[in-house]
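Have a look at data25.txt below; it lists compact mmCIF, C-alpha atoms.
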# COMPACT_ATOMS: atom_id res chain seq x y z
CA MET A 1 0.00 0.00 0.00
CA PRO A 2 1.37 3.46 -0.87
CA THR A 3 2.02 5.67 2.13
CA HIS A 4 2.67 8.86 0.14
CA THR A 5 1.77 10.32 -3.22
CA GLU A 6 3.37 12.82 -5.53
CA ALA A 7 1.10 15.81 -6.21
CA ALA A 8 1.27 19.13 -8.04
CA VAL A 9 0.45 21.65 -5.32
CA LEU A 10 -0.74 25.24 -5.71
CA THR A 11 1.10 27.36 -3.13
CA GLY A 12 0.46 30.82 -4.57
CA HIS A 13 -1.84 32.31 -7.19
CA ARG A 14 -0.31 32.41 -10.68
CA ALA A 15 2.75 30.61 -9.33
CA PRO A 16 4.09 27.39 -10.84
CA LEU A 17 2.67 24.26 -9.24
CA GLU A 18 5.13 22.55 -6.91
CA LEU A 19 5.67 18.79 -7.04
CA ARG A 20 5.45 17.56 -3.44
CA GLU A 21 5.09 14.30 -1.54
CA LEU A 22 1.86 14.18 0.45
CA PRO A 23 0.97 11.55 3.08
CA LEU A 24 -1.85 9.08 2.52
CA PRO A 25 -4.07 7.63 5.27
CA GLU A 26 -2.85 4.32 6.67
CA GLU A 27 -6.34 2.87 6.26
CA PRO A 28 -9.35 4.35 4.46
CA GLU A 29 -12.27 5.33 6.67
CA PRO A 30 -15.61 3.50 6.34
CA GLY A 31 -17.11 4.55 3.01
CA ALA A 32 -13.83 5.95 1.68
CA ALA A 33 -11.52 4.74 -1.08
CA LEU A 34 -7.91 5.16 -2.14
CA VAL A 35 -7.69 5.53 -5.92
CA ARG A 36 -4.81 5.48 -8.37
CA LEU A 37 -5.69 8.27 -10.78
CA THR A 38 -5.66 7.49 -14.49
CA CYS A 39 -7.07 10.75 -15.86
CA THR A 40 -7.71 14.29 -14.66
CA THR A 41 -9.27 16.87 -16.97
CA LEU A 42 -8.77 20.50 -16.02
CA CYS A 43 -11.77 22.79 -15.63
CA GLY A 44 -12.20 26.55 -15.90
CA THR A 45 -12.59 26.61 -12.13
CA ASP A 46 -9.07 25.19 -11.78
CA VAL A 47 -7.80 28.08 -13.90
CA HIS A 48 -9.74 30.62 -11.83
CA LEU A 49 -8.37 29.16 -8.59
CA TRP A 50 -4.83 29.16 -9.97
CA SER A 51 -5.10 32.76 -11.14
CA GLY A 52 -6.76 34.00 -7.94
CA GLN A 53 -9.95 35.04 -9.73
CA MET A 54 -11.61 32.63 -7.33
CA SER A 55 -9.96 32.67 -3.93
CA LEU A 56 -11.09 31.39 -0.57
CA PRO A 57 -9.47 32.54 2.71
CA GLY A 58 -6.85 30.11 3.94
CA MET A 59 -7.28 27.62 1.09
CA LEU A 60 -3.59 27.33 0.15
CA PRO A 61 -1.73 25.07 -0.25
CA MET A 62 -4.12 22.92 -2.27
CA VAL A 63 -4.20 20.26 -4.96
CA LEU A 64 -6.17 21.41 -8.01
CA GLY A 65 -8.39 19.14 -10.05
CA HIS A 66 -11.97 17.98 -9.48
CA GLU A 67 -12.67 16.11 -12.71
CA MET A 68 -10.93 12.77 -12.40
CA VAL A 69 -11.18 9.02 -12.83
CA GLY A 70 -9.17 6.28 -11.22
CA GLU A 71 -8.68 2.65 -10.33
CA VAL A 72 -9.51 1.64 -6.77
CA VAL A 73 -6.52 0.45 -4.73
CA THR A 74 -8.33 -0.21 -1.47
CA THR A 75 -11.51 0.76 0.33
CA GLY A 76 -12.78 1.25 3.83
CA PRO A 77 -15.57 -0.92 5.24
CA GLY A 78 -18.95 -0.53 3.55
CA THR A 79 -17.78 1.51 0.57
CA THR A 80 -20.42 1.49 -2.19
CA ASP A 81 -21.30 3.67 -5.13
CA THR A 82 -24.37 5.88 -5.22
CA LEU A 83 -26.49 2.99 -6.52
CA GLY A 84 -25.47 0.74 -3.63
CA ARG A 85 -23.01 -1.38 -5.63
CA GLU A 86 -19.97 -2.60 -3.73
CA ILE A 87 -16.73 -0.90 -4.74
CA LYS A 88 -13.75 -3.26 -4.82
CA PRO A 89 -10.04 -2.95 -5.59
CA GLY A 90 -9.54 -2.82 -9.34
CA ASP A 91 -12.85 -1.09 -10.04
CA ARG A 92 -12.82 2.09 -12.13
CA ILE A 93 -14.77 4.91 -10.50
CA GLY A 94 -15.58 8.57 -10.77
CA TRP A 95 -17.05 10.73 -8.02
CA SER A 96 -18.89 13.93 -7.34
CA GLU A 97 -18.63 16.50 -4.57
CA SER A 98 -18.65 15.53 -0.90
CA THR A 99 -21.78 16.39 1.08
CA CYS A 100 -22.66 16.13 4.76
CA GLY A 101 -26.15 14.60 4.52
CA ARG A 102 -27.34 16.46 7.61
CA CYS A 103 -27.86 20.13 6.72
CA TYR A 104 -31.05 21.80 5.43
CA GLY A 105 -29.93 21.48 1.81
CA CYS A 106 -29.20 17.77 2.16
CA ALA A 107 -31.98 16.68 4.51
CA VAL A 108 -34.89 18.97 3.59
CA LEU A 109 -34.27 20.23 0.06
CA ARG A 110 -32.69 16.91 -0.94
CA GLU A 111 -30.31 18.89 -3.16
CA PRO A 112 -26.62 17.98 -2.85
CA VAL A 113 -25.61 21.26 -4.51
CA ALA A 114 -27.32 23.09 -1.62
CA CYS A 115 -25.23 21.33 1.04
CA GLU A 116 -23.85 23.85 3.53
CA HIS A 117 -20.59 21.87 3.67
CA ARG A 118 -20.48 20.83 0.03
CA GLY A 119 -17.10 20.77 -1.60
CA TYR A 120 -14.73 19.10 -3.96
CA GLY A 121 -11.39 17.90 -2.77
CA PHE A 122 -9.93 21.32 -3.47
CA LEU A 123 -11.68 22.76 -0.43
CA GLN A 124 -9.35 20.67 1.71
CA ARG A 125 -5.83 21.97 2.20
CA ALA A 126 -2.90 19.87 1.07
CA ASP A 127 -1.19 20.21 4.47
CA ARG A 128 -4.09 18.77 6.49
CA PHE A 129 -5.83 15.42 6.60
CA PRO A 130 -6.80 13.90 4.21
CA TYR A 131 -4.16 15.80 2.18
CA ALA A 132 -4.48 14.35 -1.35
CA THR A 133 -8.08 14.86 -2.47
CA GLY A 134 -7.53 16.76 -5.73
CA GLY A 135 -6.90 15.42 -9.20
CA LEU A 136 -3.30 16.54 -9.73
CA ALA A 137 -1.83 13.63 -7.80
CA ARG A 138 -0.83 10.04 -8.46
CA TYR A 139 -3.14 8.75 -5.75
CA CYS A 140 -6.31 10.38 -4.48
CA TYR A 141 -8.21 9.85 -1.25
CA VAL A 142 -11.94 9.77 -1.99
CA THR A 143 -13.69 10.83 1.21
CA PRO A 144 -16.65 8.96 2.73
CA GLY A 145 -19.07 11.77 1.87
CA ALA A 146 -18.14 11.89 -1.82
CA ALA A 147 -20.80 10.36 -4.06
CA LYS A 148 -19.07 7.61 -6.05
CA LEU A 149 -20.02 5.94 -9.33
CA LEU A 150 -18.81 2.71 -10.91
CA LEU A 151 -18.06 3.51 -14.55
CA PRO A 152 -19.02 1.47 -17.62
CA ASP A 153 -16.14 0.05 -19.65
CA ASP A 154 -17.28 1.65 -22.93
CA VAL A 155 -16.89 5.25 -21.71
CA PRO A 156 -13.27 6.51 -22.10
CA ASP A 157 -11.49 8.05 -19.14
CA THR A 158 -11.57 11.55 -20.63
CA TRP A 159 -15.34 11.48 -21.21
CA ALA A 160 -16.01 10.11 -17.75
CA SER A 161 -13.65 12.62 -16.17
CA MET A 162 -15.27 15.57 -17.95
CA SER A 163 -18.64 14.31 -16.73
CA GLY A 164 -17.46 15.06 -13.20
CA CYS A 165 -17.95 18.80 -13.68
CA ALA A 166 -18.36 20.20 -17.19
CA GLY A 167 -20.72 17.49 -18.40
CA LYS A 168 -22.96 17.46 -15.36
CA THR A 169 -23.02 21.27 -15.19
CA VAL A 170 -24.39 21.57 -18.73
CA LEU A 171 -27.00 18.83 -18.33
CA ARG A 172 -28.21 20.27 -15.03
CA ALA A 173 -28.60 23.71 -16.63
CA VAL A 174 -30.69 22.24 -19.43
CA ALA A 175 -32.91 20.45 -16.92
CA ARG A 176 -33.18 23.50 -14.61
CA SER A 177 -34.40 25.65 -17.50
CA GLY A 178 -37.10 23.18 -18.53
CA GLY A 179 -35.34 21.32 -21.33
CA ILE A 180 -34.83 22.27 -24.96
CA ARG A 181 -37.89 22.08 -27.18
CA PRO A 182 -37.57 20.40 -30.61
CA ASN A 183 -36.63 22.87 -33.36
CA ALA A 184 -36.00 25.56 -30.74
CA THR A 185 -33.55 28.42 -31.19
CA VAL A 186 -30.67 28.34 -28.71
CA VAL A 187 -27.93 30.84 -27.87
CA VAL A 188 -24.91 29.55 -25.94
CA GLN A 189 -22.75 32.24 -24.35
CA GLY A 190 -19.21 30.96 -24.08
CA ALA A 191 -16.97 28.85 -26.32
CA GLY A 192 -14.93 27.06 -23.66
CA ALA A 193 -15.41 23.38 -22.86
CA LEU A 194 -18.78 24.08 -21.21
CA GLY A 195 -20.02 26.17 -24.12
CA VAL A 196 -18.89 23.73 -26.78
CA PHE A 197 -20.41 20.79 -24.91
CA ALA A 198 -23.63 22.78 -24.42
CA THR A 199 -23.67 23.50 -28.15
CA ALA A 200 -23.50 19.78 -28.85
CA VAL A 201 -26.15 18.99 -26.24
CA ALA A 202 -28.54 21.57 -27.70
CA ARG A 203 -28.11 20.15 -31.20
CA LEU A 204 -28.52 16.56 -30.04
CA CYS A 205 -31.64 17.55 -28.08
CA GLY A 206 -33.23 18.68 -31.36
CA ALA A 207 -32.60 22.43 -31.48
CA GLY A 208 -33.03 23.79 -34.99
CA VAL A 209 -30.71 26.80 -34.59
CA VAL A 210 -27.76 26.90 -32.20
CA ILE A 211 -25.74 30.12 -32.01
CA THR A 212 -22.49 30.04 -30.02
CA VAL A 213 -21.19 33.40 -28.81
CA GLY A 214 -17.56 33.51 -27.74
CA GLY A 215 -13.96 33.45 -28.86
CA PRO A 216 -11.26 33.18 -29.99
CA GLN A 217 -12.03 32.21 -33.56
CA SER A 218 -10.33 28.82 -33.16
CA ARG A 219 -12.84 27.89 -30.47
CA LEU A 220 -15.77 29.09 -32.54
CA ALA A 221 -14.55 26.78 -35.29
CA VAL A 222 -14.65 23.92 -32.78
CA ALA A 223 -18.19 24.93 -31.80
CA GLU A 224 -19.21 24.61 -35.45
CA ARG A 225 -17.88 21.06 -35.53
CA PHE A 226 -20.00 20.37 -32.45
CA GLY A 227 -23.25 21.53 -33.98
CA ALA A 228 -23.30 25.34 -33.98
CA THR A 229 -25.33 26.57 -36.96
CA ALA A 230 -23.79 30.04 -36.50
CA THR A 231 -21.24 31.75 -34.29
CA VAL A 232 -20.81 35.31 -33.04
CA SER A 233 -17.40 36.62 -31.98
CA VAL A 234 -16.92 38.44 -28.68
CA GLU A 235 -14.48 40.70 -30.50
CA SER A 236 -17.57 42.64 -31.62
CA THR A 237 -19.39 45.08 -29.32
CA PRO A 238 -22.35 44.03 -27.13
CA ASP A 239 -24.74 45.97 -29.38
CA GLU A 240 -23.29 44.29 -32.46
CA ARG A 241 -23.69 40.88 -30.85
CA VAL A 242 -27.32 41.53 -29.96
CA GLU A 243 -28.06 42.78 -33.47
CA ARG A 244 -26.35 39.77 -35.03
CA VAL A 245 -28.39 37.33 -32.93
CA ARG A 246 -31.56 39.15 -33.96
CA GLU A 247 -30.58 38.76 -37.60
CA LEU A 248 -29.86 35.05 -37.15
CA THR A 249 -33.21 34.47 -35.44
CA GLY A 250 -35.33 36.45 -37.88
CA GLY A 251 -35.73 39.30 -35.40
CA ARG A 252 -37.46 37.14 -32.79
CA GLY A 253 -34.62 36.17 -30.49
CA ALA A 254 -33.76 32.82 -28.92
CA ASP A 255 -36.10 30.44 -27.14
CA HIS A 256 -33.26 29.39 -24.83
CA VAL A 257 -30.17 31.32 -23.72
CA PHE A 258 -27.44 29.61 -21.70
CA ASP A 259 -24.71 31.63 -19.96
CA PHE A 260 -21.52 29.60 -19.63
CA ALA A 261 -19.19 32.57 -19.87
CA GLY A 262 -19.75 35.12 -17.12
CA GLY A 263 -18.49 38.64 -17.73
CA PRO A 264 -19.74 42.18 -17.08
CA THR A 265 -22.31 42.34 -19.93
CA ILE A 266 -23.47 38.73 -19.94
CA GLY A 267 -26.73 39.36 -18.07
CA GLU A 268 -27.79 42.27 -20.26
CA GLU A 269 -26.90 40.40 -23.44
CA ALA A 270 -28.62 37.21 -22.35
CA VAL A 271 -31.88 39.06 -21.71
CA ALA A 272 -31.52 40.93 -25.01
CA PHE A 273 -30.87 37.68 -26.92
CA ALA A 274 -33.98 36.00 -25.53
CA ALA A 275 -37.27 35.87 -27.40
CA GLN A 276 -40.62 36.76 -25.88
CA ARG A 277 -41.37 34.19 -23.14
CA GLY A 278 -37.94 32.64 -23.58
CA THR A 279 -35.77 31.09 -20.89
CA VAL A 280 -32.36 32.21 -19.66
CA ALA A 281 -30.12 29.86 -17.66
CA LEU A 282 -27.35 31.58 -15.69
CA VAL A 283 -24.46 29.22 -15.05
CA GLY A 284 -21.17 31.00 -15.70
CA SER A 285 -21.60 34.25 -13.77
CA THR A 286 -19.67 33.13 -10.69
CA GLY A 287 -17.31 36.06 -10.16
CA PRO A 288 -17.40 38.45 -7.19
CA VAL A 289 -18.47 41.45 -9.30
CA PRO A 290 -22.26 41.89 -9.63
CA VAL A 291 -23.62 41.50 -13.18
CA PRO A 292 -26.49 43.85 -14.09
CA VAL A 293 -29.72 42.33 -15.40
CA PRO A 294 -32.41 44.64 -16.89
CA LEU A 295 -35.41 43.50 -14.87
CA GLY A 296 -37.80 45.68 -16.86
CA THR A 297 -36.94 43.68 -19.98
CA VAL A 298 -37.33 40.43 -18.05
CA MET A 299 -40.82 41.54 -17.08
CA GLY A 300 -41.73 42.91 -20.51
CA LYS A 301 -40.64 39.77 -22.32
CA GLU A 302 -42.07 37.53 -19.59
CA LEU A 303 -38.78 35.69 -19.43
CA THR A 304 -38.02 32.74 -17.18
CA LEU A 305 -34.65 33.02 -15.43
CA ALA A 306 -33.05 29.92 -13.94
CA GLY A 307 -29.88 29.85 -11.92
CA SER A 308 -27.98 26.58 -12.11
CA LEU A 309 -25.06 25.69 -9.84
CA ASN A 310 -22.76 22.98 -11.13
CA GLY A 311 -24.41 19.58 -10.60
CA ASP A 312 -24.61 16.53 -8.38
CA ILE A 313 -24.12 12.78 -8.67
CA ALA A 314 -27.44 12.42 -10.53
CA ASP A 315 -26.22 14.86 -13.18
CA TYR A 316 -22.88 13.05 -13.27
CA HIS A 317 -24.70 9.77 -13.94
CA ARG A 318 -26.75 11.43 -16.71
CA SER A 319 -23.60 12.85 -18.30
CA VAL A 320 -21.92 9.45 -18.46
CA GLY A 321 -25.12 8.06 -19.99
CA PHE A 322 -25.25 10.94 -22.46
CA PHE A 323 -21.75 10.19 -23.72
CA ARG A 324 -22.68 6.52 -24.08
CA ALA A 325 -25.89 7.28 -25.98
CA PHE A 326 -24.28 9.75 -28.39
CA ALA A 327 -20.78 8.27 -28.57
CA ASP A 328 -20.66 8.38 -32.36
CA ARG A 329 -22.63 11.57 -32.93
CA MET A 330 -19.95 14.16 -32.16
CA PRO A 331 -16.12 14.20 -32.36
CA TRP A 332 -15.84 14.17 -28.56
CA ASP A 333 -12.12 13.43 -28.48
CA GLU A 334 -11.42 16.80 -30.14
CA LEU A 335 -12.31 18.46 -26.82
CA PHE A 336 -9.18 17.08 -25.16
CA SER A 337 -5.50 17.90 -25.48
CA PRO A 338 -2.87 15.14 -25.54
CA PRO A 339 -2.24 13.97 -21.96
CA VAL A 340 0.78 15.10 -19.95
CA GLY A 341 2.15 13.98 -16.60
CA LEU A 342 2.19 15.89 -13.33
CA ALA A 343 5.36 17.67 -14.41
CA GLY A 344 3.38 19.24 -17.26
CA ALA A 345 0.37 20.24 -15.16
CA SER A 346 1.64 23.75 -14.41
CA ALA A 347 2.13 24.55 -18.10
CA ALA A 348 -1.29 23.07 -18.90
CA VAL A 349 -3.07 25.33 -16.40
CA GLU A 350 -1.20 28.37 -17.69
CA SER A 351 -2.04 27.45 -21.28
CA MET A 352 -5.73 27.15 -20.47
CA SER A 353 -5.60 30.57 -18.82
CA ARG A 354 -4.46 31.98 -22.20
CA LEU A 355 -7.25 30.06 -24.00
CA GLY A 356 -4.52 27.92 -25.56
CA GLU A 357 -6.26 24.63 -24.75
CA LEU A 358 -9.91 23.74 -24.49
CA LYS A 359 -9.59 20.82 -22.09
CA ALA A 360 -6.16 19.90 -20.75
CA VAL A 361 -5.65 16.28 -19.73
CA ILE A 362 -3.30 15.08 -16.99
CA ASP A 363 -2.37 11.41 -16.73
CA PRO A 364 -0.47 11.11 -13.42
CA ARG A 365 0.99 7.79 -14.56
CA LEU A 366 3.08 9.63 -17.17
CA PRO A 367 6.52 11.06 -16.27

Mind turning the file's structure into structure tokens?
Amino acid sequence: MPTHTEAAVLTGHRAPLELRELPLPEEPEPGAALVRLTCTTLCGTDVHLWSGQMSLPGMLPMVLGHEMVGEVVTTGPGTTDTLGREIKPGDRIGWSESTCGRCYGCAVLREPVACEHRGYGFLQRADRFPYATGGLARYCYVTPGAAKLLLPDDVPDTWASMSGCAGKTVLRAVARSGGIRPNATVVVQGAGALGVFATAVARLCGAGVVITVGGPQSRLAVAERFGATATVSVESTPDERVERVRELTGGRGADHVFDFAGGPTIGEEAVAFAAQRGTVALVGSTGPVPVPVPLGTVMGKELTLAGSLNGDIADYHRSVGFFRAFADRMPWDELFSPPVGLAGASAAVESMSRLGELKAVIDPRLP
């Protein structure tokens, strides 16, 4: 049994990740598992945490990464997945955020995303027990409260890993906003991994027109390969973007608008993009700066606004199933960069911060 693991540790915002040895528990707790990681896909949140755009008091040092898949090395007593299936050494699993099961959000609302103590591994410091809970490590300790899922053999590691955050976030947003009607008009704000995946989801759900708003141009080209019928560059002005969407929708606007980008004008543009009695799902506006929303227009158009916060194990399960169902319908592997080892993790995060990669992949087994 390994007693320590190598990990790429964030010790300062915008600083290179440091390769360190972190201790591992001698024995997993009941319901916990020790996993040898085989794939970690980096998320926009990892970039925001690295850059300091998202910062929590006293969170450093920490191990980034919350989209990951691994092979079980050992488990504590009674460790099962969310469907009650026994987890054994050698099984391949993914997992969602840890929850307490006792707070108002867990016990009354029955919503894991509303847990008062909800968190991914990155909310636990790398210098305190259980130390290695993030994805940029060779071994990861999966806590008892983390919702675990045995993974089907026909879903590649990268797809399953992405389901742990990006995939489940998109599918939850679609569900929270009432689903996408057949032949509907959809605007997706953002051309990162979330936006491109949302573009594909909208198309596969039967949308007739899917407009992806974002940049740079290379990412808009990817969005077109994933089902966008038109794209609008963020290099234009907000007024130009609104006018262009009106042109593309015959002056009516979009039935569904999904914000996966955030930014100071996102709220105003989303409301302007929307058609009369349309829906707007706000997912990407997570920064500390308030984003204005013209409530008079919301009222006048009779819009439905839905906030959607990440996702839970149910959304994770749906995302894995989505990839299985539509495995041959989109070029999913184009979302991911060639894998690198832990030594390349720092450069991968920095590259994503410059929009150089859509979805960086870390394989901790590599040098």

Please, which residues in range 236-308 of chain A fall within 12 Å of range 160-176 of chain A when counting all atoms listed in the file, and what is the closest atom pair and distance in Å to one decimal for each, ordered by chain then residue number, as JSON lines?
{"residue": "A:His256", "atom": "CA", "partner": "A:Val174", "partner_atom": "CA", "distance": 9.3}
{"residue": "A:Val257", "atom": "CA", "partner": "A:Val174", "partner_atom": "CA", "distance": 10.1}
{"residue": "A:Phe258", "atom": "CA", "partner": "A:Ala173", "partner_atom": "CA", "distance": 7.9}
{"residue": "A:Asp259", "atom": "CA", "partner": "A:Ala173", "partner_atom": "CA", "distance": 9.4}
{"residue": "A:Phe260", "atom": "CA", "partner": "A:Val170", "partner_atom": "CA", "distance": 8.6}
{"residue": "A:Thr279", "atom": "CA", "partner": "A:Arg176", "partner_atom": "CA", "distance": 10.2}
{"residue": "A:Val280", "atom": "CA", "partner": "A:Ala173", "partner_atom": "CA", "distance": 9.8}
{"residue": "A:Ala281", "atom": "CA", "partner": "A:Ala173", "partner_atom": "CA", "distance": 6.4}
{"residue": "A:Leu282", "atom": "CA", "partner": "A:Ala173", "partner_atom": "CA", "distance": 8.0}
{"residue": "A:Val283", "atom": "CA", "partner": "A:Ala173", "partner_atom": "CA", "distance": 7.1}
{"residue": "A:Gly284", "atom": "CA", "partner": "A:Thr169", "partner_atom": "CA", "distance": 9.9}
{"residue": "A:Thr304", "atom": "CA", "partner": "A:Arg176", "partner_atom": "CA", "distance": 10.7}
{"residue": "A:Leu305", "atom": "CA", "partner": "A:Arg176", "partner_atom": "CA", "distance": 9.7}
{"residue": "A:Ala306", "atom": "CA", "partner": "A:Arg176", "partner_atom": "CA", "distance": 6.5}
{"residue": "A:Gly307", "atom": "CA", "partner": "A:Arg176", "partner_atom": "CA", "distance": 7.6}
{"residue": "A:Ser308", "atom": "CA", "partner": "A:Ala173", "partner_atom": "CA", "distance": 5.4}

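If all atoms listed in the file are the atoms counted, then among A:Arg203, A:Lys148, A:His117, A:Arg125 the closest residue to Ser96 in chain A is A:Lys148.
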
Thr40 in chain A proximity check over A:Pro182, A:Pro339, A:Gly253, A:Gly195, using all atoms listed in the file: winner is A:Pro339

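Taking CA of Thr41 in chain A and CA of Phe323 in chain A as endpoints, the distance between them is 15.7 Å.
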
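Of the listed residues A:Gly119, A:Pro156, A:Gly227, A:Gly78, the one whose atoms come nearest to Thr199 in chain A is A:Gly227, with distances taken using only C-alpha atoms.
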
Around range 350-363 of chain A, fit a box with edges along x, y and z, padding it by 5 Å on each side, then list its centre and edge lengths in Å to one decimal as lines of an AutoDock Vina configuration file.
center_x = -5.6
center_y = 21.7
center_z = -21.1
size_x = 18.7
size_y = 30.6
size_z = 18.8

Atom-to-atom span, CA of Met59 in chain A and CA of Ala314 in chain A, Å: 27.8 Å

Smallest atom-to-atom distance to Ala184 in chain A: which of A:Ser233, A:Thr143, A:Gly278, A:Arg102, using all atoms listed in the file?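 Among the listed residues, the smallest separation from Ala184 in chain A belongs to A:Gly278.
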
Between A:Pro28, A:Pro2, A:Gly178, A:Gly94, which one has atoms that come closest to Tyr316 in chain A, using all atoms listed in the file?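 Among the listed residues, the smallest separation from Tyr316 in chain A belongs to A:Gly94.
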
Write a file for range 51-104 of chain A, containing C-alpha atoms (output as a compact mmCIF listing (two decimals), in the first residue's frame).
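Done, and the output landed in part_19.txt:
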# COMPACT_ATOMS: atom_id res chain seq x y z
CA SER A 51 -5.10 32.76 -11.14
CA GLY A 52 -6.76 34.00 -7.94
CA GLN A 53 -9.95 35.04 -9.73
CA MET A 54 -11.61 32.63 -7.33
CA SER A 55 -9.96 32.67 -3.93
CA LEU A 56 -11.09 31.39 -0.57
CA PRO A 57 -9.47 32.54 2.71
CA GLY A 58 -6.85 30.11 3.94
CA MET A 59 -7.28 27.62 1.09
CA LEU A 60 -3.59 27.33 0.15
CA PRO A 61 -1.73 25.07 -0.25
CA MET A 62 -4.12 22.92 -2.27
CA VAL A 63 -4.20 20.26 -4.96
CA LEU A 64 -6.17 21.41 -8.01
CA GLY A 65 -8.39 19.14 -10.05
CA HIS A 66 -11.97 17.98 -9.48
CA GLU A 67 -12.67 16.11 -12.71
CA MET A 68 -10.93 12.77 -12.40
CA VAL A 69 -11.18 9.02 -12.83
CA GLY A 70 -9.17 6.28 -11.22
CA GLU A 71 -8.68 2.65 -10.33
CA VAL A 72 -9.51 1.64 -6.77
CA VAL A 73 -6.52 0.45 -4.73
CA THR A 74 -8.33 -0.21 -1.47
CA THR A 75 -11.51 0.76 0.33
CA GLY A 76 -12.78 1.25 3.83
CA PRO A 77 -15.57 -0.92 5.24
CA GLY A 78 -18.95 -0.53 3.55
CA THR A 79 -17.78 1.51 0.57
CA THR A 80 -20.42 1.49 -2.19
CA ASP A 81 -21.30 3.67 -5.13
CA THR A 82 -24.37 5.88 -5.22
CA LEU A 83 -26.49 2.99 -6.52
CA GLY A 84 -25.47 0.74 -3.63
CA ARG A 85 -23.01 -1.38 -5.63
CA GLU A 86 -19.97 -2.60 -3.73
CA ILE A 87 -16.73 -0.90 -4.74
CA LYS A 88 -13.75 -3.26 -4.82
CA PRO A 89 -10.04 -2.95 -5.59
CA GLY A 90 -9.54 -2.82 -9.34
CA ASP A 91 -12.85 -1.09 -10.04
CA ARG A 92 -12.82 2.09 -12.13
CA ILE A 93 -14.77 4.91 -10.50
CA GLY A 94 -15.58 8.57 -10.77
CA TRP A 95 -17.05 10.73 -8.02
CA SER A 96 -18.89 13.93 -7.34
CA GLU A 97 -18.63 16.50 -4.57
CA SER A 98 -18.65 15.53 -0.90
CA THR A 99 -21.78 16.39 1.08
CA CYS A 100 -22.66 16.13 4.76
CA GLY A 101 -26.15 14.60 4.52
CA ARG A 102 -27.34 16.46 7.61
CA CYS A 103 -27.86 20.13 6.72
CA TYR A 104 -31.05 21.80 5.43
